[in-house]
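Containing compact mmCIF, C-alpha atoms: structure-v3.txt.
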```txt
# COMPACT_ATOMS: atom_id res chain seq x y z
CA MET A 10 1.37 -6.18 7.64
CA ILE A 11 0.85 -2.73 6.24
CA LYS A 12 3.53 -2.01 3.69
CA ARG A 13 5.03 1.28 2.75
CA THR A 14 4.02 3.47 -0.17
CA LEU A 15 6.73 5.41 -1.99
CA TYR A 16 5.87 8.21 -4.35
CA PHE A 17 8.49 9.70 -6.67
CA GLY A 18 7.46 13.02 -8.16
CA ASN A 19 10.95 14.42 -8.76
CA PRO A 20 14.03 13.29 -10.71
CA ALA A 21 15.64 10.35 -8.90
CA TYR A 22 18.11 7.53 -9.36
CA LEU A 23 16.85 4.31 -7.85
CA SER A 24 19.05 1.31 -7.34
CA LYS A 25 19.60 -1.62 -5.02
CA ARG A 26 22.30 -2.24 -2.45
CA ASN A 27 22.25 -4.85 0.33
CA GLU A 28 18.59 -5.64 -0.48
CA GLN A 29 17.75 -2.01 0.17
CA LEU A 30 16.23 0.46 -2.25
CA VAL A 31 18.71 3.34 -2.57
CA ILE A 32 17.35 6.73 -3.54
CA LYS A 33 19.80 9.25 -4.94
CA LEU A 34 19.08 12.74 -6.14
CA PRO A 35 20.67 13.54 -9.52
CA GLU A 36 21.82 17.01 -8.44
CA VAL A 37 23.83 15.44 -5.64
CA ALA A 38 25.00 12.33 -7.52
CA LYS A 39 26.21 14.34 -10.54
CA ASN A 40 27.95 17.06 -8.58
CA ASP A 41 31.65 16.18 -8.66
CA THR A 42 32.67 18.86 -6.20
CA LEU A 43 30.94 17.10 -3.32
CA PRO A 44 32.96 14.62 -1.27
CA GLU A 45 32.00 10.93 -1.49
CA SER A 46 31.13 10.78 2.21
CA PHE A 47 28.58 13.55 1.79
CA LYS A 48 27.03 11.75 -1.17
CA GLN A 49 26.70 8.59 0.92
CA LYS A 50 24.97 10.53 3.66
CA SER A 51 22.48 12.19 1.32
CA GLU A 52 21.21 8.81 0.13
CA VAL A 53 18.01 7.41 1.51
CA THR A 54 17.55 3.67 1.83
CA VAL A 55 14.32 1.73 2.25
CA PRO A 56 14.12 -2.02 2.93
CA ILE A 57 12.61 -3.53 -0.22
CA GLU A 58 10.67 -6.13 1.76
CA ASP A 59 8.75 -3.31 3.49
CA ILE A 60 7.52 -1.77 0.24
CA GLY A 61 3.94 -2.29 -0.93
CA VAL A 62 3.41 0.33 -3.62
CA VAL A 63 5.86 2.41 -5.64
CA VAL A 64 4.50 5.26 -7.74
CA LEU A 65 6.86 6.56 -10.44
CA ASP A 66 5.56 9.96 -11.45
CA HIS A 67 8.36 11.80 -13.19
CA GLN A 68 9.92 11.38 -16.61
CA GLN A 69 13.44 11.63 -15.19
CA ILE A 70 13.43 8.63 -12.89
CA THR A 71 16.04 6.00 -13.62
CA LEU A 72 15.88 2.58 -12.05
CA THR A 73 18.11 -0.44 -12.33
CA HIS A 74 16.97 -3.84 -13.44
CA GLY A 75 18.25 -5.43 -10.23
CA LEU A 76 15.89 -3.18 -8.33
CA MET A 77 12.89 -4.05 -10.51
CA ASP A 78 13.68 -7.71 -10.02
CA SER A 79 13.76 -7.31 -6.23
CA LEU A 80 10.59 -5.23 -6.14
CA LEU A 81 8.76 -7.90 -8.13
CA SER A 82 10.07 -10.80 -6.09
CA ASN A 83 8.88 -9.00 -2.96
CA ASN A 84 5.51 -8.54 -4.60
CA ALA A 85 5.45 -4.75 -4.68
CA ALA A 86 3.10 -3.01 -7.09
CA VAL A 87 5.05 -0.62 -9.31
CA ILE A 88 2.87 2.07 -10.85
CA THR A 89 4.21 4.21 -13.68
CA CYS A 90 2.57 7.46 -14.67
CA ASP A 91 2.19 9.08 -18.07
CA GLY A 92 3.09 12.61 -19.16
CA ASN A 93 -0.17 13.88 -17.67
CA ARG A 94 0.90 12.40 -14.33
CA MET A 95 -1.95 9.94 -14.27
CA PRO A 96 -1.23 6.28 -13.45
CA ALA A 97 -0.69 4.45 -16.74
CA GLY A 98 0.98 1.11 -16.04
CA LEU A 99 1.22 -1.48 -13.32
CA LEU A 100 4.04 -3.97 -12.95
CA LEU A 101 3.26 -7.20 -11.09
CA PRO A 102 5.07 -10.52 -10.72
CA LEU A 103 3.94 -13.50 -12.78
CA SER A 104 4.17 -15.89 -9.89
CA GLY A 105 2.97 -14.38 -6.66
CA ASN A 106 2.12 -17.64 -5.00
CA THR A 107 3.64 -21.07 -4.64
CA THR A 108 0.63 -23.01 -5.87
CA GLN A 109 0.18 -20.72 -8.83
CA ARG A 110 -1.03 -23.16 -11.49
CA GLU A 111 -3.54 -24.85 -9.23
CA ARG A 112 -4.96 -21.50 -8.20
CA TRP A 113 -5.20 -20.15 -11.75
CA HIS A 114 -6.91 -23.38 -12.70
CA ASP A 115 -9.51 -23.02 -9.93
CA GLN A 116 -10.12 -19.45 -10.96
CA ILE A 117 -10.44 -20.02 -14.68
CA GLU A 118 -12.55 -23.15 -14.27
CA ALA A 119 -14.94 -21.47 -11.81
CA SER A 120 -18.50 -22.21 -12.82
CA GLU A 121 -20.80 -19.57 -14.24
CA PRO A 122 -23.31 -19.83 -11.32
CA LEU A 123 -20.49 -19.41 -8.79
CA LYS A 124 -19.21 -16.30 -10.55
CA LYS A 125 -22.74 -14.90 -10.64
CA GLN A 126 -23.18 -15.49 -6.93
CA LEU A 127 -19.88 -13.82 -6.20
CA TRP A 128 -20.91 -10.87 -8.33
CA GLN A 129 -24.19 -10.67 -6.42
CA GLN A 130 -22.29 -10.49 -3.14
CA THR A 131 -19.95 -7.87 -4.56
CA ILE A 132 -22.75 -5.59 -5.73
CA LYS A 133 -24.68 -6.02 -2.50
CA ALA A 134 -21.60 -4.96 -0.56
CA LYS A 135 -20.97 -2.07 -2.93
CA ILE A 136 -24.51 -0.66 -2.71
CA HIS A 137 -24.47 -1.16 1.04
CA ASN A 138 -21.27 0.86 1.36
CA GLN A 139 -22.54 3.56 -0.99
CA THR A 140 -25.69 3.81 1.12
CA ALA A 141 -23.70 4.06 4.32
CA LEU A 142 -21.56 6.85 2.86
CA LEU A 143 -24.63 8.79 1.70
CA GLU A 144 -26.18 8.43 5.14
CA ARG A 145 -23.04 9.55 6.88
CA ARG A 146 -22.37 12.55 4.66
CA ARG A 147 -25.72 13.66 3.33
CA ASP A 148 -29.21 14.06 4.64
CA VAL A 149 -31.06 12.34 1.79
CA ASN A 150 -33.59 9.57 1.54
CA THR A 151 -31.83 6.22 1.19
CA LYS A 152 -34.79 3.89 1.36
CA ASN A 153 -34.47 3.06 -2.30
CA MET A 154 -30.75 2.30 -1.87
CA HIS A 155 -31.50 -0.11 0.98
CA TYR A 156 -34.15 -1.75 -1.15
CA TRP A 157 -31.83 -2.13 -4.14
CA SER A 158 -29.08 -3.66 -2.06
CA ASP A 159 -31.59 -6.16 -0.62
CA VAL A 160 -32.95 -7.35 -3.95
CA VAL A 161 -29.73 -7.79 -5.95
CA LYS A 162 -30.16 -11.07 -7.82
CA SER A 163 -27.55 -13.63 -8.77
CA GLY A 164 -25.32 -12.00 -11.38
CA ASP A 165 -27.19 -8.71 -10.79
CA VAL A 166 -29.31 -9.45 -13.87
CA GLU A 167 -31.60 -6.50 -13.21
CA ASN A 168 -28.57 -4.20 -12.97
CA HIS A 169 -29.31 -2.68 -9.60
CA GLU A 170 -25.70 -1.57 -9.56
CA ALA A 171 -26.40 1.05 -12.22
CA ARG A 172 -29.63 2.21 -10.60
CA ALA A 173 -27.93 2.64 -7.25
CA ALA A 174 -24.95 4.37 -8.87
CA ALA A 175 -27.17 6.88 -10.68
CA TYR A 176 -28.92 7.82 -7.46
CA TYR A 177 -25.69 7.81 -5.46
CA TRP A 178 -23.74 10.08 -7.79
CA SER A 179 -26.58 12.53 -8.25
CA ASN A 180 -26.76 12.98 -4.49
CA LEU A 181 -23.18 12.71 -3.28
CA PHE A 182 -21.87 16.20 -4.04
CA PRO A 183 -24.38 18.81 -2.90
CA SER A 184 -22.29 21.68 -4.28
CA LEU A 185 -22.25 20.07 -7.73
CA PRO A 186 -25.86 19.40 -8.73
CA ASP A 187 -24.89 18.48 -12.29
CA PHE A 188 -22.16 16.05 -11.30
CA ARG A 189 -21.62 13.20 -13.72
CA ARG A 190 -19.30 10.33 -12.95
CA GLY A 191 -17.04 9.44 -15.84
CA ARG A 192 -13.46 9.01 -16.88
CA GLU A 193 -13.30 12.15 -19.00
CA GLU A 194 -15.84 14.25 -17.12
CA GLU A 195 -15.29 17.41 -15.11
CA PRO A 196 -13.45 17.54 -11.76
CA PRO A 197 -13.62 16.06 -9.15
CA ASN A 198 -13.64 13.07 -11.52
CA ASN A 199 -9.89 13.53 -11.87
CA LEU A 200 -9.53 12.93 -8.13
CA LEU A 201 -11.76 9.88 -8.25
CA ASN A 202 -9.81 8.45 -11.19
CA TYR A 203 -6.53 8.91 -9.38
CA GLY A 204 -7.84 7.39 -6.18
CA TYR A 205 -9.34 4.42 -8.00
CA ALA A 206 -6.03 3.84 -9.80
CA ILE A 207 -4.23 3.58 -6.46
CA LEU A 208 -6.96 1.33 -5.09
CA ARG A 209 -6.79 -0.83 -8.20
CA ALA A 210 -3.04 -1.26 -7.77
CA VAL A 211 -3.50 -2.31 -4.15
CA VAL A 212 -6.19 -4.80 -5.14
CA ALA A 213 -4.25 -6.19 -8.11
CA ARG A 214 -1.17 -6.65 -5.95
CA SER A 215 -3.21 -8.49 -3.38
CA LEU A 216 -4.85 -10.73 -5.98
CA VAL A 217 -1.45 -11.72 -7.28
CA SER A 218 -0.23 -12.55 -3.79
CA SER A 219 -3.32 -14.72 -3.30
CA GLY A 220 -2.32 -16.61 -6.44
CA LEU A 221 -5.09 -15.24 -8.62
CA LEU A 222 -4.89 -13.79 -12.09
CA PRO A 223 -6.14 -10.18 -12.08
CA THR A 224 -7.08 -10.48 -15.75
CA PHE A 225 -10.03 -12.89 -15.62
CA GLY A 226 -12.91 -11.22 -13.84
CA ILE A 227 -16.10 -12.59 -12.34
CA HIS A 228 -18.18 -9.95 -14.10
CA HIS A 229 -16.07 -7.43 -16.02
CA ARG A 230 -15.09 -8.92 -19.34
CA ASN A 231 -13.96 -5.98 -21.44
CA ARG A 232 -11.53 -7.38 -23.99
CA TYR A 233 -9.25 -4.35 -23.59
CA ASN A 234 -9.03 -4.50 -19.82
CA ALA A 235 -6.13 -6.37 -18.25
CA TYR A 236 -7.41 -6.00 -14.69
CA CYS A 237 -10.97 -7.27 -14.83
CA LEU A 238 -10.82 -9.17 -11.56
CA ALA A 239 -9.21 -6.23 -9.78
CA ASP A 240 -12.01 -4.03 -11.06
CA ASP A 241 -14.58 -6.53 -9.76
CA VAL A 242 -13.08 -6.91 -6.33
CA MET A 243 -12.50 -3.19 -5.78
CA GLU A 244 -16.18 -2.30 -6.23
CA PRO A 245 -17.12 -2.40 -2.51
CA TYR A 246 -13.95 -0.47 -1.70
CA ARG A 247 -14.72 2.45 -4.01
CA PRO A 248 -16.87 4.31 -1.45
CA TYR A 249 -13.76 4.67 0.74
CA VAL A 250 -12.12 6.64 -2.06
CA ASP A 251 -15.36 8.57 -2.65
CA ASP A 252 -15.43 9.47 1.02
CA MET A 253 -11.91 10.85 0.84
CA VAL A 254 -12.73 12.85 -2.30
CA TYR A 255 -15.93 14.10 -0.65
CA ASP A 256 -13.83 15.36 2.22
CA ILE A 257 -11.44 17.21 -0.13
CA VAL A 258 -14.33 18.81 -2.04
CA ASP A 259 -16.22 19.60 1.16
CA LYS A 260 -13.26 21.42 2.69
CA GLY A 261 -13.30 23.88 -0.20
CA THR A 262 -9.94 22.79 -1.62
CA ASP A 263 -9.28 23.85 -5.21
CA TYR A 264 -9.53 20.46 -6.85
CA ARG A 265 -9.46 21.44 -10.51
CA GLU A 266 -5.81 20.40 -10.63
CA LEU A 267 -4.30 17.34 -8.99
CA THR A 268 -1.92 19.17 -6.71
CA LYS A 269 0.76 17.55 -4.62
CA ASP A 270 -1.33 18.00 -1.48
CA ILE A 271 -4.28 16.24 -3.02
CA LYS A 272 -2.11 13.39 -4.28
CA GLN A 273 -0.64 13.06 -0.83
CA ARG A 274 -4.14 12.64 0.59
CA LEU A 275 -5.12 10.11 -2.05
CA LEU A 276 -1.93 8.11 -1.65
CA GLN A 277 -3.00 7.39 1.89
CA ILE A 278 -5.77 5.16 0.61
CA PRO A 279 -3.89 1.99 1.67
CA THR A 280 -4.00 3.19 5.29
CA ILE A 281 -7.74 3.95 5.52
CA GLU A 282 -9.33 1.95 8.28
CA VAL A 283 -11.84 -0.65 7.13
CA VAL A 284 -14.01 -3.05 9.11
CA ILE A 285 -14.43 -6.62 7.89
CA GLU A 286 -16.65 -8.91 9.95
CA GLY A 287 -16.19 -6.70 12.98
CA GLU A 288 -12.41 -6.53 12.74
CA ARG A 289 -10.66 -3.28 12.06
CA SER A 290 -7.61 -3.17 9.83
CA PRO A 291 -5.90 -0.89 7.32
CA LEU A 292 -7.42 -1.10 3.84
CA MET A 293 -4.31 -2.76 2.44
CA VAL A 294 -4.62 -5.61 4.95
CA GLY A 295 -8.39 -5.75 4.46
CA VAL A 296 -7.96 -6.20 0.71
CA GLN A 297 -5.70 -9.16 1.43
CA ARG A 298 -8.45 -10.77 3.49
CA THR A 299 -10.88 -10.17 0.66
CA THR A 300 -8.67 -11.73 -2.00
CA ALA A 301 -7.77 -14.69 0.21
CA SER A 302 -11.46 -15.36 0.83
CA LEU A 303 -12.14 -14.98 -2.89
CA TYR A 304 -9.68 -17.71 -3.69
CA ARG A 305 -11.30 -19.97 -1.13
CA CYS A 306 -14.62 -19.34 -2.88
CA PHE A 307 -13.07 -20.42 -6.19
CA SER A 308 -11.66 -23.55 -4.59
CA GLY A 309 -15.01 -24.41 -3.01
CA GLU A 310 -13.92 -24.07 0.63
CA LEU A 311 -16.03 -20.98 1.25
CA ARG A 312 -19.25 -19.50 -0.01
CA LYS A 313 -18.89 -15.89 1.02
CA ILE A 314 -16.29 -13.26 0.16
CA SER A 315 -15.15 -11.11 3.09
CA TYR A 316 -15.96 -7.56 2.09
CA PRO A 317 -15.67 -4.51 4.34
CA THR A 318 -18.76 -2.78 5.69
CA PHE A 319 -18.47 0.95 5.56
CA MET B 1 -5.87 6.02 12.18
CA ASP B 2 -5.33 4.42 15.53
CA ARG B 3 -4.18 1.23 13.84
CA PHE B 4 -0.81 2.87 13.39
CA ASN B 5 -0.33 4.22 16.82
CA GLU B 6 2.91 5.01 18.51
CA TYR B 7 2.59 2.02 20.84
CA ARG B 8 2.28 -0.49 18.03
CA ILE B 9 5.17 0.74 15.91
CA MET B 10 8.41 -0.74 17.22
CA TRP B 11 12.08 0.08 16.90
CA VAL B 12 14.55 -2.74 17.20
CA MET B 13 18.04 -1.73 18.32
CA VAL B 14 21.00 -4.06 18.16
CA PHE B 15 24.16 -3.23 20.11
CA PHE B 16 27.24 -5.28 19.47
CA ASP B 17 30.87 -5.62 20.42
CA LEU B 18 32.68 -8.19 18.35
CA PRO B 19 36.37 -9.06 18.56
CA THR B 20 38.41 -7.70 15.63
CA GLU B 21 41.91 -8.91 16.53
CA THR B 22 42.53 -11.38 13.74
CA LYS B 23 41.68 -11.31 10.08
CA LYS B 24 39.14 -14.10 10.58
CA GLU B 25 37.41 -12.20 13.38
CA ARG B 26 37.19 -9.11 11.23
CA LYS B 27 35.59 -11.19 8.47
CA ILE B 28 33.01 -12.54 10.93
CA TYR B 29 32.33 -9.01 12.11
CA ALA B 30 31.90 -7.73 8.54
CA ASP B 31 29.58 -10.60 7.64
CA PHE B 32 27.40 -9.98 10.67
CA ARG B 33 27.20 -6.28 9.91
CA LYS B 34 26.35 -6.98 6.27
CA LYS B 35 23.53 -9.31 7.30
CA MET B 36 22.10 -6.56 9.49
CA LEU B 37 22.24 -4.08 6.63
CA LYS B 38 20.56 -6.57 4.31
CA ASP B 39 17.76 -6.97 6.80
CA GLY B 40 17.11 -3.23 6.69
CA PHE B 41 18.96 -2.09 9.78
CA THR B 42 20.72 1.25 9.54
CA MET B 43 23.64 2.49 11.56
CA PHE B 44 22.58 4.71 14.42
CA GLN B 45 26.00 4.98 16.03
CA PHE B 46 29.10 2.83 15.70
CA SER B 47 28.04 -0.70 16.71
CA ILE B 48 24.42 0.36 17.27
CA TYR B 49 22.02 -0.49 14.49
CA LEU B 50 18.32 0.08 14.40
CA ARG B 51 15.29 -0.82 12.39
CA HIS B 52 11.76 0.53 12.20
CA CYS B 53 9.05 -2.14 12.34
CA PRO B 54 5.39 -1.30 11.71
CA SER B 55 4.12 -3.89 14.19
CA ARG B 56 5.15 -6.10 17.08
CA GLU B 57 4.87 -9.21 14.92
CA ASN B 58 7.14 -7.69 12.32
CA ALA B 59 9.66 -6.75 15.00
CA GLU B 60 9.71 -10.38 16.13
CA VAL B 61 10.56 -11.48 12.61
CA HIS B 62 13.59 -9.21 12.49
CA ILE B 63 14.75 -10.12 15.98
CA LYS B 64 14.60 -13.75 14.94
CA ARG B 65 16.74 -13.02 11.90
CA VAL B 66 19.35 -11.26 14.03
CA LYS B 67 19.42 -14.24 16.38
CA GLU B 68 20.00 -16.57 13.46
CA ALA B 69 22.96 -14.49 12.34
CA LEU B 70 24.64 -14.29 15.75
CA PRO B 71 28.41 -14.87 15.57
CA GLU B 72 30.10 -17.32 17.92
CA LYS B 73 31.95 -14.76 20.01
CA GLY B 74 31.19 -11.23 21.09
CA ASN B 75 28.57 -9.37 23.11
CA ILE B 76 25.28 -8.51 21.49
CA GLY B 77 22.21 -6.80 22.90
CA ILE B 78 18.79 -6.58 21.25
CA LEU B 79 16.39 -3.97 22.58
CA THR B 80 12.87 -3.26 21.32
CA VAL B 81 11.15 -0.01 22.15
CA THR B 82 7.84 1.46 21.05
CA ASP B 83 7.73 4.42 18.71
CA LYS B 84 6.47 6.48 21.63
CA GLN B 85 9.54 5.65 23.71
CA PHE B 86 11.82 6.08 20.74
CA GLY B 87 10.36 9.50 20.03
CA MET B 88 11.15 10.60 23.60
CA MET B 89 14.86 10.00 23.11
CA GLU B 90 17.00 13.11 23.51
CA LEU B 91 19.76 13.46 20.94
CA PHE B 92 22.74 15.78 21.06
CA GLN B 93 25.55 16.68 18.74
CA GLY B 94 28.19 17.95 21.11
CA GLN B 95 26.11 20.16 23.35
CA LYS B 96 23.65 21.09 20.62
CA VAL B 97 20.27 19.38 20.63
CA LYS B 98 19.87 17.30 17.48
CA LYS B 99 16.65 16.24 15.84
CA PRO B 100 16.34 12.56 14.96
CA ASP B 101 16.63 12.30 11.16
CA THR B 102 14.59 9.15 10.68
CA PRO B 103 11.07 10.21 9.77
CA TYR B 104 9.71 6.77 8.88
CA GLN B 105 6.25 7.01 7.47
CA GLN B 106 3.85 4.72 5.76
CA LEU B 107 3.74 7.14 2.84
CA GLU B 108 6.87 8.90 1.66
CA LEU B 109 7.08 11.44 -1.13
CA PHE B 110 10.33 12.09 -2.93
```

Mind converting the file's structure to C-alpha cells?
Amino acid sequence: MIKRTLYFGNPAYLSKRNEQLVIKLPEVAKNDTLPESFKQKSEVTVPIEDIGVVVLDHQQITLTHGLMDSLLSNNAAVITCDGNRMPAGLLLPLSGNTTQRERWHDQIEASEPLKKQLWQQTIKAKIHNQTALLERRRDVNTKNMHYWSDVVKSGDVENHEARAAAYYWSNLFPSLPDFRRGREEEPPNNLLNYGYAILRAVVARSLVSSGLLPTFGIHHRNRYNAYCLADDVMEPYRPYVDDMVYDIVDKGTDYRELTKDIKQRLLQIPTIEVVIEGERSPLMVGVQRTTASLYRCFSGELRKISYPTF
Amino acid sequence: MDRFNEYRIMWVMVFFDLPTETKKERKIYADFRKKMLKDGFTMFQFSIYLRHCPSRENAEVHIKRVKEALPEKGNIGILTVTDKQFGMMELFQGQKVKKPDTPYQQLELF
C-alpha cells in the first residue's frame, strides 16, 4: 500500500491521540482568547498507520515521545533536516521484522561471490535505466551505454558504473555543458541531493521492513556511512529522480534555491510510477518488492533482485 | 499517475444508532466510537464516521476492523464509495453550499 508523506516546513506541535497524529499550530494553541472548541476544530489528525515518510524541516517543531514511539512501531521513516533545510537524519526502528535475527544473519553471512553478483545486477539495472532516460530525453548516441550495461562483470570489477556515469552526466543537461555531479557542486546538484535523500529514506525504510540492516552494503563500504545497503539498492532508482530534476530544469524553473514548489515536486518521489517485471506500481511499493527479493537472494531462495526498468 | 485514480481510492462511511438509555449502554457506545477514532475514522456528522482508504484492499481491512468492534445492540451501516462518487457529494451549511474540508492527499505540506 502506498503510504502518506507528511512534510512540516512551519512551526508545529505534533502529538498523539487515539493512535492518530495530531497537528497543532502554535499560534492557535498558544492563543488563550480562542475558545477550546475552535482549537479542537483547527487540529488536523492523520492515522499513524497510514504514514510512510515524515519530513521535519523547521527548527520550531515539537513532538512528543509517544508519537515517536508510534511512528517507529508503524515503521515510518522520520527525516530531520538541518539548519540549511537539507535532510540530515533518519530515524528507523531497530526491529522492523519478526524474524529479525535470522534475517540479519543471512545478510551479514552472505558470501562474497553472492554480493558481487548482486552488485553486478544492480549496476546493470542502473546503467540500463540511465540509458533509457537519456534516450527518452535527449537525442544522443547511447550505443556505448548499451554496451557497458551488457558487459558489467561480477562485482563490476572494471568499473563500468563510473564510465557510464561520466557519459550520462555530461549528456543529461543540454543547457549545462559543464555540469558536474557532486555533493558540493553547482545547482541543480542541490535538487539531486534532496531527491536522493528522499529516495534513500524510502529505500532504508523498506529495507528495515524486509528485516535487513541498511548499514551493511553489498558494495558500498564507506566506514562513515550508516546506510550502505540503502545506497546500493537505490542505484537503479536514481534515474527516476534525475528524470524529475531534468523536468524541473527543462521547464526553465529557477532552481538555484530549493523553493517550496521544488520540494513539493521532489517529495512526490514515492508516488512515481515504476515498472518491475511488467507490473506497474508506485515507487514506494516497487522498492518494497526490490528489498523483499533482495532478502530472498541473501537467504538463497532467489538468484535475481527485482529492479524496475525505466 | 493513474495508479492513484479516483476509482481506486475508497471512502468508508459508518452510520450507527446505538441505544444510550442506561449507563452501560452509553459505555458500550463510547467504546465503539473510540475504537472507530483509533482506527482513523473522523466524524462527518453525528453518528456518521468516515475514513479515507488509498485502495480497495485497504478499505477491506478497515471494514473488517469495524465488524470486529460491532456492539451487541444497535443499528450500524457500512458503506464504501469511490473517491469519484465521494467527490460528487453536494454539501450544504443551511442553504449555503459548503466545500468538503477533507483534502486527503498522498503528500501533505504543513

Please indicate the distance in Å from atom CA of Glu21 of chain B to atom CA of Lys73 of chain B, rounded to one decimal place.
12.1 Å

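Applying a distance limit of 6 Å to all atoms listed in the file, the residues of chain A near chain B read Arg13, Thr14, Leu15, Tyr16, Phe17, Asn27, Glu28 and Pro56 of chain A.
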
Atom CA of Val284 of chain A sits from atom CA of Trp128 of chain A at a separation of 20.3 Å

Within 12 Å of Val31 of chain A, counting only C-alpha atoms, which residues show up once you throw out same-chain ones fewer than 5 positions away? Write them as a VMD selection string, please.
(chain A and resid 21 to 26 48 to 57 71 to 73 75 to 76) or (chain B and resid 40)

Would you mind exporting the chosen residues as a PDB file, in the coordinates of the input, restricted to C-alpha atoms?
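For reference, again.pdb as written:
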```pdb
ATOM      1  CA  ALA A  21      15.640  10.350  -8.900  1.00  0.00           C
ATOM      2  CA  TYR A  22      18.110   7.530  -9.360  1.00  0.00           C
ATOM      3  CA  LEU A  23      16.850   4.310  -7.850  1.00  0.00           C
ATOM      4  CA  SER A  24      19.050   1.310  -7.340  1.00  0.00           C
ATOM      5  CA  LYS A  25      19.600  -1.620  -5.020  1.00  0.00           C
ATOM      6  CA  ARG A  26      22.300  -2.240  -2.450  1.00  0.00           C
ATOM      7  CA  LYS A  48      27.030  11.750  -1.170  1.00  0.00           C
ATOM      8  CA  GLN A  49      26.700   8.590   0.920  1.00  0.00           C
ATOM      9  CA  LYS A  50      24.970  10.530   3.660  1.00  0.00           C
ATOM     10  CA  SER A  51      22.480  12.190   1.320  1.00  0.00           C
ATOM     11  CA  GLU A  52      21.210   8.810   0.130  1.00  0.00           C
ATOM     12  CA  VAL A  53      18.010   7.410   1.510  1.00  0.00           C
ATOM     13  CA  THR A  54      17.550   3.670   1.830  1.00  0.00           C
ATOM     14  CA  VAL A  55      14.320   1.730   2.250  1.00  0.00           C
ATOM     15  CA  PRO A  56      14.120  -2.020   2.930  1.00  0.00           C
ATOM     16  CA  ILE A  57      12.610  -3.530  -0.220  1.00  0.00           C
ATOM     17  CA  THR A  71      16.040   6.000 -13.620  1.00  0.00           C
ATOM     18  CA  LEU A  72      15.880   2.580 -12.050  1.00  0.00           C
ATOM     19  CA  THR A  73      18.110  -0.440 -12.330  1.00  0.00           C
ATOM     20  CA  GLY A  75      18.250  -5.430 -10.230  1.00  0.00           C
ATOM     21  CA  LEU A  76      15.890  -3.180  -8.330  1.00  0.00           C
TER      22      LEU A  76
ATOM     23  CA  GLY B  40      17.110  -3.230   6.690  1.00  0.00           C
TER      24      GLY B  40
END
```

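The interatomic distance for the pair atom CA of Ser47 of chain B and atom CA of Val14 of chain B works out to 7.9 Å.
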
Test item: residues at most 9 Å from Lys99 of chain B, all atoms listed in the file, excluding those fewer than 4 positions along its chain, as a list in words:
Glu90, Leu91 and Phe92 of chain B

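Using all atoms listed in the file for every distance, the candidate list A:Ala119, A:Val254, A:Leu65, A:Ala206 yields A:Ala119 as the residue closest to Leu303 of chain A.
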
For Ser82 of chain A, list every protein, DNA or RNA residue within 10 Å, evaluated using all atoms listed in the file, and leave out those in the same chain fewer than 4 positions away; present the list as a short mmCIF file (atom, residue, chain, number, x, y, z; two decimals) with C-alpha atoms, keeping the file's coordinate frame.
```cif
data_model
loop_
_atom_site.label_atom_id
_atom_site.label_comp_id
_atom_site.auth_asym_id
_atom_site.auth_seq_id
_atom_site.Cartn_x
_atom_site.Cartn_y
_atom_site.Cartn_z
CA ILE A 57 12.61 -3.53 -0.22
CA GLU A 58 10.67 -6.13 1.76
CA LEU A 76 15.89 -3.18 -8.33
CA MET A 77 12.89 -4.05 -10.51
CA ASP A 78 13.68 -7.71 -10.02
CA LEU A 101 3.26 -7.20 -11.09
CA PRO A 102 5.07 -10.52 -10.72
CA LEU A 103 3.94 -13.50 -12.78
CA SER A 104 4.17 -15.89 -9.89
CA GLY A 105 2.97 -14.38 -6.66
#
```

I'd like the neighbourhood of Val283 of chain A as a list of chain:residue names, where a residue qualifies if any of its atoms comes within 8 Å (using only C-alpha atoms), though same-chain residues fewer than 5 positions away should be ignored.
A:Arg289, A:Ser290, A:Pro291, A:Leu292, A:Gly295, A:Pro317, A:Thr318, A:Phe319

Taking (-27.4, 7.5, -1.0) in the file's coordinates, which residues come within 8 Å, counting all atoms listed in the file, written as a ChimeraX atom specification?
/A:139-144,147,149-151,154,173,176-177,180-181

Selection to disk with C-alpha atoms, as a PDB file, in the coordinates of the input:
```pdb
ATOM      1  CA  GLN A 139     -22.540   3.560  -0.990  1.00  0.00           C
ATOM      2  CA  THR A 140     -25.690   3.810   1.120  1.00  0.00           C
ATOM      3  CA  ALA A 141     -23.700   4.060   4.320  1.00  0.00           C
ATOM      4  CA  LEU A 142     -21.560   6.850   2.860  1.00  0.00           C
ATOM      5  CA  LEU A 143     -24.630   8.790   1.700  1.00  0.00           C
ATOM      6  CA  GLU A 144     -26.180   8.430   5.140  1.00  0.00           C
ATOM      7  CA  ARG A 147     -25.720  13.660   3.330  1.00  0.00           C
ATOM      8  CA  VAL A 149     -31.060  12.340   1.790  1.00  0.00           C
ATOM      9  CA  ASN A 150     -33.590   9.570   1.540  1.00  0.00           C
ATOM     10  CA  THR A 151     -31.830   6.220   1.190  1.00  0.00           C
ATOM     11  CA  MET A 154     -30.750   2.300  -1.870  1.00  0.00           C
ATOM     12  CA  ALA A 173     -27.930   2.640  -7.250  1.00  0.00           C
ATOM     13  CA  TYR A 176     -28.920   7.820  -7.460  1.00  0.00           C
ATOM     14  CA  TYR A 177     -25.690   7.810  -5.460  1.00  0.00           C
ATOM     15  CA  ASN A 180     -26.760  12.980  -4.490  1.00  0.00           C
ATOM     16  CA  LEU A 181     -23.180  12.710  -3.280  1.00  0.00           C
TER      17      LEU A 181
END
```

Exercise: Ser302 of chain A partners within 7 Å, only C-alpha atoms, chain neighbours under 4 positions left out, as a list in words
Arg298, Cys306, Ile314 and Ser315 of chain A

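Remark: for Lys64 of chain B, the closest of the candidate residues B:Asp83, B:Val12, B:Gln45, B:Asp31 is B:Val12 (distances computed over all atoms listed in the file).
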
How big is the axis-aligned box around all listed atoms of segment 47-63 of chain B once 8 Å goes on each side, and where's its centre, in Å to one decimal, as AutoDock Vina command-line options?
```
--center_x 16.1 --center_y -5.5 --center_z 14.5 --size_x 39.9 --size_y 28.0 --size_z 21.6
```

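Residue nearest Ser158 of chain A within the list A:His67, A:Lys272, A:Lys135, A:Lys125: A:Lys135 [criterion: smallest interatomic distance, only C-alpha atoms].
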